[in-house]
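K.L.:
Have a peek at start.cif (mmCIF, C-alpha atoms).
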data_work
#
loop_
_atom_site.label_atom_id
_atom_site.label_comp_id
_atom_site.auth_asym_id
_atom_site.auth_seq_id
_atom_site.Cartn_x
_atom_site.Cartn_y
_atom_site.Cartn_z
CA MET A 1 -25.70 0.87 14.78
CA ARG A 2 -22.52 -0.66 16.18
CA LYS A 3 -19.54 -0.60 13.81
CA LEU A 4 -18.11 -4.00 12.99
CA VAL A 5 -15.05 -5.48 11.31
CA ARG A 6 -15.10 -8.89 9.65
CA VAL A 7 -12.24 -10.99 11.02
CA LEU A 8 -10.62 -13.69 8.90
CA VAL A 9 -8.02 -16.05 10.33
CA ASP A 10 -6.23 -17.91 7.58
CA PRO A 11 -4.04 -20.99 7.93
CA PRO A 12 -0.36 -20.72 6.94
CA LEU A 13 -0.16 -20.15 3.18
CA SER A 14 2.56 -19.45 0.64
CA GLY A 15 3.56 -15.83 0.08
CA TYR A 16 2.02 -16.05 -3.38
CA GLU A 17 -1.35 -17.12 -1.97
CA ASN A 18 -1.19 -14.55 0.81
CA MET A 19 -0.60 -11.64 -1.57
CA SER A 20 -3.29 -12.93 -3.95
CA ARG A 21 -5.78 -12.99 -1.09
CA ASP A 22 -4.88 -9.49 0.06
CA GLU A 23 -5.16 -8.05 -3.43
CA ALA A 24 -8.50 -9.83 -3.84
CA LEU A 25 -9.74 -7.92 -0.79
CA LEU A 26 -8.60 -4.66 -2.39
CA GLU A 27 -10.12 -5.46 -5.78
CA MET A 28 -13.43 -6.91 -4.63
CA GLY A 29 -14.41 -4.49 -1.83
CA PHE A 30 -18.16 -4.81 -2.01
CA SER A 31 -20.24 -1.69 -1.63
CA GLY A 32 -21.47 -1.38 1.92
CA ALA A 33 -19.33 -4.31 3.05
CA LEU A 34 -17.67 -4.38 6.45
CA PRO A 35 -13.99 -3.59 6.81
CA THR A 36 -11.95 -6.81 6.91
CA LEU A 37 -9.13 -7.65 9.29
CA ARG A 38 -7.23 -10.70 8.07
CA PHE A 39 -4.69 -12.49 10.25
CA PHE A 40 -2.39 -14.70 8.25
CA GLU A 41 0.76 -16.77 8.45
CA TRP A 42 3.49 -17.87 6.08
CA GLU A 43 3.99 -21.55 5.37
CA LYS A 44 7.70 -20.87 5.03
CA LYS A 45 10.14 -18.04 5.58
CA THR A 46 9.49 -15.52 2.75
CA LEU A 47 10.94 -12.21 1.62
CA SER A 48 8.35 -9.70 0.43
CA VAL A 49 9.25 -6.56 -1.50
CA GLY A 50 7.21 -3.40 -1.97
CA ARG A 51 5.08 -2.86 -5.06
CA PHE A 52 7.72 -0.79 -6.88
CA GLN A 53 10.86 -1.77 -5.00
CA LYS A 54 13.88 -2.54 -7.17
CA THR A 55 14.95 -6.17 -6.85
CA THR A 56 18.51 -5.26 -7.86
CA GLU A 57 18.90 -4.69 -4.11
CA ILE A 58 18.16 -8.36 -3.37
CA ASP A 59 20.72 -11.19 -3.19
CA PHE A 60 18.92 -13.84 -5.23
CA ASP A 61 21.72 -16.39 -4.83
CA TYR A 62 21.28 -16.25 -1.07
CA LEU A 63 17.50 -16.63 -1.35
CA LYS A 64 17.93 -19.60 -3.69
CA ASN A 65 20.49 -21.31 -1.45
CA GLU A 66 18.31 -20.82 1.60
CA ASN A 67 15.12 -21.75 -0.24
CA ILE A 68 13.49 -18.42 0.60
CA PRO A 69 10.80 -17.38 -1.91
CA LEU A 70 10.45 -13.76 -2.95
CA VAL A 71 7.01 -12.26 -3.41
CA ARG A 72 6.00 -8.76 -4.43
CA ARG A 73 3.34 -7.11 -2.31
CA PRO A 74 0.47 -5.00 -3.64
CA THR A 75 1.41 -2.32 -1.09
CA GLY A 76 4.30 0.14 -1.10
CA GLY A 77 7.38 0.31 1.09
CA ARG A 78 10.49 -1.87 1.33
CA ALA A 79 11.37 -5.51 1.92
CA ILE A 80 10.49 -7.64 4.93
CA LEU A 81 11.72 -11.13 5.78
CA HIS A 82 8.58 -12.79 7.13
CA ASP A 83 9.36 -15.48 9.67
CA ARG A 84 8.53 -15.30 13.36
CA GLU A 85 5.98 -12.53 13.26
CA VAL A 86 2.31 -11.61 13.51
CA THR A 87 1.04 -10.54 10.10
CA PHE A 88 -2.28 -8.95 9.35
CA SER A 89 -3.98 -6.99 6.63
CA LEU A 90 -6.83 -4.55 6.98
CA PHE A 91 -9.14 -3.57 4.16
CA ILE A 92 -11.25 -0.45 4.71
CA PRO A 93 -13.95 0.22 2.10
CA ALA A 94 -13.77 3.92 1.27
CA SER A 95 -15.51 6.17 -1.17
CA SER A 96 -13.53 9.29 -0.36
CA PHE A 97 -9.93 10.12 -1.08
CA LYS A 98 -8.30 10.66 2.28
CA SER A 99 -4.82 11.98 2.91
CA HIS A 100 -2.16 9.25 2.80
CA THR A 101 -1.66 9.78 6.51
CA PHE A 102 -5.33 9.66 7.53
CA TYR A 103 -5.64 5.91 8.06
CA TYR A 104 -2.04 5.59 9.24
CA GLU A 105 -2.91 7.96 12.06
CA GLU A 106 -6.01 5.95 12.95
CA LEU A 107 -4.13 2.66 12.79
CA GLN A 108 -1.30 4.10 14.86
CA LYS A 109 -3.75 4.89 17.67
CA VAL A 110 -5.07 1.33 17.68
CA LEU A 111 -1.62 -0.25 17.56
CA THR A 112 -0.34 2.09 20.27
CA ARG A 113 -3.15 0.95 22.54
CA MET A 114 -2.39 -2.70 21.74
CA MET A 115 1.25 -2.17 22.70
CA GLU A 116 0.24 -0.42 25.91
CA LYS A 117 -1.81 -3.48 26.82
CA MET A 118 1.42 -5.45 26.62
CA GLY A 119 3.08 -2.91 28.91
CA ILE A 120 5.10 -1.29 26.12
CA ASN A 121 5.10 2.47 25.58
CA ILE A 122 5.37 3.77 22.04
CA ASP A 123 7.52 6.78 21.15
CA GLU A 124 5.37 9.90 21.00
CA LYS A 125 7.33 11.41 18.12
CA THR A 126 9.19 9.57 15.39
CA GLU A 127 12.08 10.82 13.34
CA SER A 128 11.45 10.56 9.62
CA GLY A 129 13.75 8.72 7.30
CA ILE A 130 16.89 7.77 9.17
CA TYR A 131 18.10 5.35 6.48
CA THR A 132 16.15 6.59 3.49
CA SER A 133 18.05 4.50 0.95
CA SER A 134 17.73 1.22 2.83
CA PRO A 135 16.05 -1.71 1.02
CA TYR A 136 14.68 -2.99 4.37
CA CYS A 137 11.32 -1.82 5.75
CA PHE A 138 12.34 -1.57 9.37
CA SER A 139 15.25 0.74 8.56
CA ILE A 140 12.94 3.37 7.10
CA ASN A 141 10.98 5.60 9.42
CA VAL A 142 8.26 7.94 8.31
CA SER A 143 5.52 9.65 10.27
CA HIS A 144 3.06 7.51 12.25
CA GLU A 145 5.41 4.54 12.63
CA ILE A 146 5.13 2.33 15.69
CA MET A 147 8.48 2.82 17.38
CA VAL A 148 9.98 2.09 20.77
CA GLY A 149 13.17 3.81 21.89
CA GLY A 150 13.78 5.09 18.37
CA ARG A 151 13.47 1.63 16.80
CA LYS A 152 10.63 0.37 14.63
CA ILE A 153 8.60 -2.56 15.93
CA ILE A 154 5.69 -2.77 13.44
CA GLY A 155 5.92 -2.21 9.68
CA VAL A 156 2.82 -0.99 7.85
CA ALA A 157 2.26 -0.27 4.14
CA GLN A 158 -0.79 0.74 2.13
CA ALA A 159 -2.43 0.35 -1.28
CA ARG A 160 -5.53 2.20 -2.27
CA GLY A 161 -7.86 1.32 -5.07
CA GLU A 162 -11.24 2.32 -6.33
CA LYS A 163 -13.05 0.48 -3.56
CA GLY A 164 -10.97 1.20 -0.54
CA ASN A 165 -7.64 1.01 1.23
CA LEU A 166 -5.58 -2.06 2.04
CA PHE A 167 -3.00 -2.08 4.81
CA GLN A 168 -0.48 -4.83 5.39
CA ALA A 169 1.29 -4.98 8.73
CA SER A 170 4.16 -7.01 10.07
CA PHE A 171 4.87 -7.26 13.80
CA ILE A 172 8.22 -8.98 14.30
CA LEU A 173 8.32 -11.32 17.29
CA GLU A 174 11.89 -12.56 16.90
CA ALA A 175 14.49 -11.95 14.22
CA ASN A 176 17.94 -13.02 13.11
CA ARG A 177 19.52 -9.77 11.95
CA GLU A 178 22.38 -11.49 10.17
CA GLU A 179 19.93 -13.56 8.17
CA ILE A 180 17.88 -10.46 7.28
CA ALA A 181 20.98 -8.58 6.10
CA SER A 182 22.04 -11.62 4.04
CA CYS A 183 18.96 -11.22 1.85
CA PHE A 184 20.39 -8.00 0.42
CA VAL A 185 23.31 -7.16 -1.83
CA GLU A 186 24.67 -4.58 0.59
CA LYS A 187 24.80 -6.91 3.59
CA GLU A 188 27.16 -4.94 5.82
CA LYS A 189 25.30 -1.70 5.29
CA VAL A 190 21.92 -3.26 6.08
CA SER A 191 23.40 -5.12 9.04
CA GLY A 192 24.68 -1.86 10.50
CA GLU A 193 21.33 -0.17 10.00
CA LEU A 194 19.44 -3.00 11.67
CA GLU A 195 21.29 -2.55 14.95
CA ASN A 196 19.78 0.92 15.26
CA SER A 197 16.46 0.53 13.52
CA LEU A 198 14.75 -2.83 14.14
CA LEU A 199 13.17 -3.87 17.42
CA THR A 200 11.45 -7.21 17.96
CA LEU A 201 8.74 -7.87 20.51
CA GLY A 202 10.93 -10.57 22.07
CA GLU A 203 13.53 -7.94 22.91
CA VAL A 204 11.10 -5.96 25.07
CA LEU A 205 8.71 -8.63 26.33
CA SER A 206 9.37 -11.99 27.88
CA PRO A 207 7.84 -14.48 27.66
CA LEU A 208 6.38 -13.78 24.22
CA PRO A 209 2.59 -13.96 24.09
CA GLU A 210 0.92 -16.51 21.83
CA LYS A 211 -0.10 -15.15 18.43
CA ARG A 212 -3.77 -15.64 19.31
CA GLU A 213 -3.29 -13.47 22.37
CA ILE A 214 -1.86 -10.70 20.18
CA TYR A 215 -4.84 -11.07 17.82
CA ARG A 216 -7.15 -10.69 20.81
CA LEU A 217 -5.35 -7.59 22.08
CA LEU A 218 -5.52 -5.98 18.64
CA LEU A 219 -9.26 -6.59 18.39
CA GLU A 220 -9.79 -5.30 21.92
CA SER A 221 -7.80 -2.16 21.06
CA LEU A 222 -9.84 -1.63 17.89
CA GLU A 223 -13.01 -1.77 19.96
CA GLU A 224 -11.73 0.61 22.63
CA GLU A 225 -10.02 3.09 20.33
CA ARG A 226 -12.43 3.17 17.39
CA GLY A 227 -15.61 1.58 18.78
CA VAL A 228 -15.37 -1.19 16.21
CA GLY A 229 -16.48 -4.65 17.26
CA ALA A 230 -15.23 -7.89 15.72
CA THR A 231 -17.32 -10.48 13.97
CA VAL A 232 -15.61 -13.67 12.91
CA GLY A 233 -16.36 -14.09 9.24
CA SER A 234 -15.44 -16.20 6.28
CA TRP A 235 -14.28 -15.59 2.76
CA LYS A 236 -16.94 -14.95 0.15
CA ALA A 237 -16.82 -17.33 -2.80
CA GLU A 238 -16.25 -14.39 -5.19
CA GLU A 239 -13.28 -13.20 -3.15
CA LEU A 240 -11.64 -16.62 -3.19
CA GLU A 241 -12.32 -16.88 -6.92
CA LYS A 242 -10.61 -13.52 -7.44
CA ALA A 243 -7.66 -14.63 -5.31
CA LYS A 244 -7.38 -17.79 -7.38
CA GLU A 245 -7.40 -15.74 -10.58
CA LEU A 246 -4.72 -13.39 -9.24
CA LEU A 247 -2.60 -16.35 -8.16
CA SER A 248 -2.76 -17.93 -11.61
CA THR A 249 -2.22 -14.72 -13.60
CA LYS A 250 0.00 -12.50 -11.44
CA TYR A 251 1.34 -13.94 -8.20
CA TYR A 252 2.21 -17.53 -9.22
CA PRO A 253 5.72 -18.80 -8.35
CA GLY A 254 8.17 -17.69 -11.01
CA SER A 255 5.95 -14.88 -12.27
CA SER A 256 7.94 -12.01 -13.77
CA TYR A 257 5.75 -9.71 -11.64
CA HIS A 258 7.87 -10.49 -8.59
CA ARG A 259 11.10 -9.42 -10.34
CA LYS A 260 9.75 -6.81 -12.72
CA ARG A 261 11.91 -3.98 -11.40
CA MET B 1 -5.23 24.75 -3.58
CA ASN B 2 -5.04 25.23 -7.31
CA ILE B 3 -8.19 24.29 -9.27
CA PRO B 4 -7.83 25.65 -12.82
CA ASP B 5 -10.98 26.43 -14.79
CA ASP B 6 -9.61 25.30 -18.16
CA VAL B 7 -9.66 21.58 -17.36
CA LEU B 8 -12.30 19.01 -16.36
CA TYR B 9 -12.14 16.65 -13.39
CA THR B 10 -12.93 13.05 -12.46
CA ARG B 11 -14.18 11.74 -9.14
CA GLU B 12 -10.85 9.89 -8.90
CA HIS B 13 -9.04 13.25 -8.88
CA LEU B 14 -7.58 13.30 -12.35
CA TRP B 15 -7.81 16.39 -14.54
CA VAL B 16 -8.40 16.35 -18.29
CA LYS B 17 -7.66 19.11 -20.78
CA LYS B 18 -9.63 18.96 -24.01
CA GLY B 19 -7.83 19.44 -27.30
CA ASP B 20 -6.87 17.42 -30.38
CA VAL B 21 -5.98 14.82 -27.80
CA ALA B 22 -6.98 14.89 -24.13
CA ILE B 23 -4.13 15.53 -21.70
CA CYS B 24 -4.59 14.20 -18.19
CA GLY B 25 -2.85 14.26 -14.85
CA ILE B 26 -3.36 14.23 -11.09
CA THR B 27 -5.06 17.20 -9.45
CA ASP B 28 -3.36 19.51 -7.00
CA TYR B 29 -5.73 18.26 -4.29
CA ALA B 30 -4.74 14.64 -4.95
CA GLN B 31 -1.00 15.27 -5.13
CA ASN B 32 -1.21 17.04 -1.79
CA GLU B 33 -3.13 14.16 -0.23
CA LEU B 34 -0.74 11.60 -1.73
CA GLY B 35 2.38 13.20 -0.29
CA ASP B 36 5.76 12.92 -1.99
CA VAL B 37 5.45 10.78 -5.09
CA ILE B 38 8.45 8.46 -5.52
CA PHE B 39 7.38 6.28 -8.44
CA VAL B 40 4.85 6.38 -11.28
CA GLU B 41 3.81 3.43 -13.42
CA LEU B 42 2.52 4.87 -16.68
CA PRO B 43 0.17 3.20 -19.16
CA GLU B 44 1.62 1.77 -22.37
CA VAL B 45 1.43 3.93 -25.47
CA GLY B 46 -1.07 2.39 -27.88
CA LYS B 47 -3.12 0.86 -25.08
CA LYS B 48 -6.90 1.06 -25.57
CA VAL B 49 -8.64 2.02 -22.35
CA ARG B 50 -12.22 2.38 -21.19
CA GLN B 51 -13.34 5.23 -18.95
CA GLY B 52 -12.73 4.09 -15.36
CA ASP B 53 -10.14 1.40 -16.23
CA LYS B 54 -7.04 1.20 -14.10
CA ILE B 55 -4.27 2.78 -16.22
CA GLY B 56 -1.40 3.23 -13.81
CA GLU B 57 -0.17 3.47 -10.25
CA VAL B 58 1.76 5.94 -8.16
CA GLU B 59 3.71 5.26 -5.00
CA SER B 60 4.03 7.93 -2.36
CA ILE B 61 5.08 7.35 1.23
CA LYS B 62 4.59 3.55 1.67
CA THR B 63 1.32 3.96 -0.22
CA VAL B 64 0.41 2.71 -3.68
CA SER B 65 -2.57 4.42 -5.35
CA TYR B 66 -4.25 3.40 -8.59
CA LEU B 67 -4.96 5.78 -11.47
CA TYR B 68 -8.17 5.42 -13.48
CA ALA B 69 -8.74 6.40 -17.10
CA PRO B 70 -10.76 9.62 -17.32
CA LEU B 71 -11.95 8.78 -20.84
CA SER B 72 -12.18 5.86 -23.26
CA GLY B 73 -9.71 5.89 -26.11
CA GLU B 74 -6.14 5.16 -27.05
CA VAL B 75 -3.15 6.26 -25.02
CA VAL B 76 -1.06 8.15 -27.58
CA GLU B 77 1.69 9.58 -25.39
CA VAL B 78 2.95 9.34 -21.82
CA ASN B 79 5.12 11.69 -19.82
CA GLY B 80 8.37 9.73 -19.80
CA GLU B 81 10.06 12.42 -17.75
CA LEU B 82 8.16 11.12 -14.72
CA ASP B 83 10.33 7.97 -14.75
CA ALA B 84 13.29 10.00 -13.59
CA LYS B 85 11.39 12.83 -11.92
CA PRO B 86 8.18 11.56 -10.29
CA GLU B 87 8.30 14.61 -8.03
CA LEU B 88 7.05 16.69 -10.97
CA ILE B 89 3.58 15.46 -10.00
CA ASN B 90 3.94 17.30 -6.69
CA GLN B 91 5.76 20.30 -8.06
CA SER B 92 3.68 20.97 -11.17
CA PRO B 93 0.57 18.79 -11.29
CA TYR B 94 -1.11 20.65 -14.17
CA ARG B 95 1.94 21.23 -16.36
CA GLU B 96 5.24 19.33 -16.17
CA GLY B 97 3.61 16.60 -14.07
CA TRP B 98 1.04 15.52 -16.69
CA ILE B 99 0.54 11.74 -16.94
CA CYS B 100 -0.64 10.81 -20.43
CA LYS B 101 -2.47 11.89 -23.58
CA ILE B 102 -5.54 9.99 -24.73
CA GLN B 103 -7.19 10.11 -28.16
CA PRO B 104 -10.83 10.12 -27.04
CA GLU B 105 -13.20 7.77 -28.84
CA ASN B 106 -16.42 9.13 -27.42
CA GLU B 107 -16.88 12.88 -26.96
CA GLU B 108 -20.04 12.20 -24.96
CA GLU B 109 -17.87 10.97 -22.07
CA PHE B 110 -16.69 14.51 -21.37
CA LYS B 111 -20.18 15.06 -19.99
CA ASN B 112 -19.31 12.66 -17.16
CA LEU B 113 -16.53 14.95 -15.99
CA MET B 114 -16.83 17.89 -13.59
CA ASN B 115 -16.02 21.53 -14.20
CA LYS B 116 -14.17 23.66 -11.65
CA GLU B 117 -17.27 24.58 -9.64
CA GLU B 118 -18.55 21.00 -9.57
CA TYR B 119 -15.15 19.70 -8.52
CA GLU B 120 -14.91 22.27 -5.75
CA ALA B 121 -18.29 21.12 -4.48
CA PHE B 122 -17.20 17.48 -4.79
CA LEU B 123 -14.07 18.14 -2.71
CA LYS B 124 -16.26 19.36 0.13
CA THR B 125 -17.70 15.85 0.34
CA GLN B 126 -14.28 14.22 0.63
#
Please go through the file and, once you have read it, give me the structure as structure tokens.

P.N.:
Amino acid sequence: MRKLVRVLVDPPLSGYENMSRDEALLEMGFSGALPTLRFFEWEKKTLSVGRFQKTTEIDFDYLKNENIPLVRRPTGGRAILHDREVTFSLFIPASSFKSHTFYYEELQKVLTRMMEKMGINIDEKTESGIYTSSPYCFSINVSHEIMVGGRKIIGVAQARGEKGNLFQASFILEANREEIASCFVEKEKVSGELENSLLTLGEVLSPLPEKREIYRLLLESLEEERGVGATVGSWKAEELEKAKELLSTKYYPGSSYHRKR
Amino acid sequence: MNIPDDVLYTREHLWVKKGDVAICGITDYAQNELGDVIFVELPEVGKKVRQGDKIGEVESIKTVSYLYAPLSGEVVEVNGELDAKPELINQSPYREGWICKIQPENEEEFKNLMNKEEYEAFLKTQ
């Protein structure tokens, strides 16, 4: 039987709603259900931090002045300023406990093919951890990153629960490095790191493709690399109910969860 | 890979040592698959848990993994040293890297756990 992935395309939502929906996918993961690829957007510029990232690294005055919400992700890793980017999450139902690198390797193959379709070659080998103490995702490199010319172009993080693995990915189209650095306490340090670590798609491809075109290329790459076909799906009522519950109990604006560390 | 024969195992890769209270932690197999652990969220002391409940989380390289209670009972002690040294889970999963102690409320639940041979067979299916 042909392998399939359920594809969800959400409208722009708040960071709180987006994280609630992703965690609902992780929590609900029905037995025998298809993997889910969810494309989503942010209704406004938002800073997300990793599940256990310390928020003492964040400049809250700057975020308040610029009206940038902060949301804590269910996945690991460091902060990302979500603005002009393609964001997607992937939930893979799993009953076995794979190595932390297993799905990263698989995802790397798919994303590498997607980049090749845009005429961009990915670095074959990546150096691990050039700025290991950085609070910013794109300044940290570990194995299986998607990098071009030594700079990171897609950020991916993972959470795994009883029912499967959730990946969240951020593909930066355009970025204002000064604005990114301003979100952190150590602005000059982060700013310096960004010059050497972050790469946006707009810096290597012009004109930029439409987001829908990038979605299409990702699905095509998934089919070619993993033999997984796409089926456009919709949210199950139980999943949306779970997301609503998570939004009201954990991810709501002002929740201490976002600033707990 | 180290699979001691004096502890029992869960399908979620926690080990449990029987005693006045049950001591539990992450297996050598799991710590190896997780990679370098950089943070551990421990359960609260006094918390009542059911077998299979989520009791904590660990973060390794960009990956957060949930921990599930191996037994029902009350959490009576946690390994506070992991706050400062989460790497103990990698370095010494069955000793210094223990996670918590649970006062079991139902001895029958130990029957749901695997011995060394059963766990070895289970790992072959992973």

K.L.:
When you count all atoms listed in the file, which of these residues is closest to chain A: B:Arg11, B:Lys101, B:Lys47, B:Lys62?

P.N.:
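So, comparing all the options, the nearest one is B:Lys62.
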
K.L.:
How many Å lie between CA of Val86 (chain A) and CA of Asn141 (chain A), rounded to one decimal?

P.N.:
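That distance, rounded to one decimal, is 19.7 Å.
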
K.L.:
Between chain B and chain A, at 9 Å or less, what are the per-residue closest atom pairs and their distances in Å? Count all atoms listed in the file, order by chain and rising residue number, and return it as a Markdown table.

P.N.:
| residue | atom | partner | partner_atom | distance |
| --- | --- | --- | --- | --- |
| B:Glu12 | CA | A:Phe97 | CA | 7.9 |
| B:His13 | CA | A:Phe97 | CA | 8.5 |
| B:Ala30 | CA | A:Phe97 | CA | 7.9 |
| B:Asn32 | CA | A:Ser99 | CA | 7.8 |
| B:Glu33 | CA | A:Ser99 | CA | 4.2 |
| B:Leu34 | CA | A:His100 | CA | 5.3 |
| B:Gly35 | CA | A:His100 | CA | 6.8 |
| B:Phe39 | CA | A:Phe52 | CA | 7.2 |
| B:Val40 | CA | A:Phe52 | CA | 8.9 |
| B:Glu41 | CA | A:Phe52 | CA | 8.7 |
| B:Lys54 | CA | A:Glu162 | CA | 8.9 |
| B:Glu59 | CA | A:Gly76 | CA | 6.5 |
| B:Ser60 | CA | A:Gly76 | CA | 7.9 |
| B:Ile61 | CA | A:Gly77 | CA | 7.4 |
| B:Lys62 | CA | A:Gly77 | CA | 4.3 |
| B:Thr63 | CA | A:Gln158 | CA | 4.5 |
| B:Val64 | CA | A:Ala159 | CA | 4.4 |
| B:Ser65 | CA | A:Arg160 | CA | 4.8 |
| B:Tyr66 | CA | A:Gly161 | CA | 5.5 |
| B:Leu67 | CA | A:Gly161 | CA | 8.3 |
| B:Tyr68 | CA | A:Glu162 | CA | 8.4 |
| B:Thr125 | CA | A:Ser96 | CA | 7.8 |
| B:Gln126 | CA | A:Ser96 | CA | 5.1 |

K.L.:
Distance CA of Leu25 (chain A)-CA of Leu201 (chain A), one decimal place?

P.N.:
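Taking CA of Leu25 (chain A) and CA of Leu201 (chain A), their separation equals 28.2 Å.
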
K.L.:
Find, counting all atoms listed in the file, the residue in A:Ile154, A:Val49, A:Cys183, A:Leu218 that gets nearest to Asn65 (chain A).

P.N.:
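Nearest candidate to Asn65 (chain A) out of A:Ile154, A:Val49, A:Cys183, A:Leu218: A:Cys183.
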
K.L.:
Excluding Leu37 (chain A) and any residue of its chain fewer than 3 positions from it, enumerate the residues within 10 Å of it, using all atoms listed in the file, and give them as a list of chain:residue names.

P.N.:
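So the residues in contact are A:Val5, A:Arg6, A:Val7, A:Leu8, A:Val9, A:Leu34, A:Phe40, A:Phe88, A:Ser89, A:Leu90, A:Phe91, A:Ile92, A:Leu166, A:Phe167, A:Gln168, A:Leu219, A:Ala230, A:Thr231, A:Val232, A:Gly233.
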
K.L.:
So how far away is CA of Tyr251 (chain A) from CA of Glu17 (chain A), in Å?

P.N.:
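So the two atoms, CA of Glu17 (chain A) and CA of Tyr251 (chain A), lie 7.5 Å apart.
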
K.L.:
Going by the chain IDs and residue numbers used in this file, which residues fall under the PyMOL selection byres ((chain A and resi 135) around 8)? Write them as a PDB file with C-alpha atoms, keeping the file's coordinate frame.

P.N.:
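Printed below is result.pdb as written:
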ATOM      1  CA  GLN A  53      10.860  -1.770  -5.000  1.00  0.00           C
ATOM      2  CA  GLU A  57      18.900  -4.690  -4.110  1.00  0.00           C
ATOM      3  CA  ARG A  78      10.490  -1.870   1.330  1.00  0.00           C
ATOM      4  CA  ALA A  79      11.370  -5.510   1.920  1.00  0.00           C
ATOM      5  CA  SER A 133      18.050   4.500   0.950  1.00  0.00           C
ATOM      6  CA  SER A 134      17.730   1.220   2.830  1.00  0.00           C
ATOM      7  CA  TYR A 136      14.680  -2.990   4.370  1.00  0.00           C
ATOM      8  CA  CYS A 137      11.320  -1.820   5.750  1.00  0.00           C
ATOM      9  CA  SER A 139      15.250   0.740   8.560  1.00  0.00           C
ATOM     10  CA  PHE A 184      20.390  -8.000   0.420  1.00  0.00           C
ATOM     11  CA  VAL A 190      21.920  -3.260   6.080  1.00  0.00           C
TER      12      VAL A 190
END

K.L.:
Contacts of Ala69 (chain B) at 10 Å or less, counting all atoms listed in the file, minus same-chain residues fewer than 2 places along, as a PDB file with C-alpha atoms, keeping the file's coordinate frame?

P.N.:
ATOM      1  CA  THR B  10     -12.930  13.050 -12.460  1.00  0.00           C
ATOM      2  CA  GLU B  12     -10.850   9.890  -8.900  1.00  0.00           C
ATOM      3  CA  LEU B  14      -7.580  13.300 -12.350  1.00  0.00           C
ATOM      4  CA  CYS B  24      -4.590  14.200 -18.190  1.00  0.00           C
ATOM      5  CA  PRO B  43       0.170   3.200 -19.160  1.00  0.00           C
ATOM      6  CA  VAL B  49      -8.640   2.020 -22.350  1.00  0.00           C
ATOM      7  CA  ARG B  50     -12.220   2.380 -21.190  1.00  0.00           C
ATOM      8  CA  GLN B  51     -13.340   5.230 -18.950  1.00  0.00           C
ATOM      9  CA  GLY B  52     -12.730   4.090 -15.360  1.00  0.00           C
ATOM     10  CA  ASP B  53     -10.140   1.400 -16.230  1.00  0.00           C
ATOM     11  CA  LYS B  54      -7.040   1.200 -14.100  1.00  0.00           C
ATOM     12  CA  ILE B  55      -4.270   2.780 -16.220  1.00  0.00           C
ATOM     13  CA  GLY B  56      -1.400   3.230 -13.810  1.00  0.00           C
ATOM     14  CA  LEU B  67      -4.960   5.780 -11.470  1.00  0.00           C
ATOM     15  CA  LEU B  71     -11.950   8.780 -20.840  1.00  0.00           C
ATOM     16  CA  SER B  72     -12.180   5.860 -23.260  1.00  0.00           C
ATOM     17  CA  GLY B  73      -9.710   5.890 -26.110  1.00  0.00           C
ATOM     18  CA  VAL B  75      -3.150   6.260 -25.020  1.00  0.00           C
ATOM     19  CA  CYS B 100      -0.640  10.810 -20.430  1.00  0.00           C
ATOM     20  CA  ILE B 102      -5.540   9.990 -24.730  1.00  0.00           C
TER      21      ILE B 102
END

K.L.:
So what does the PyMOL selection byres ((chain B and resi 22) around 8) actually pick up in this one, as an MDAnalysis selection string?

P.N.:
chainID B and resid 16:21 23:24 101:104

K.L.:
Between B:Val45, B:Tyr94, B:Asn115, B:Leu88, which one has atoms that come closest to Asp28 (chain B), using all atoms listed in the file?

P.N.:
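Closest to Asp28 (chain B), using all atoms listed in the file: B:Tyr94.
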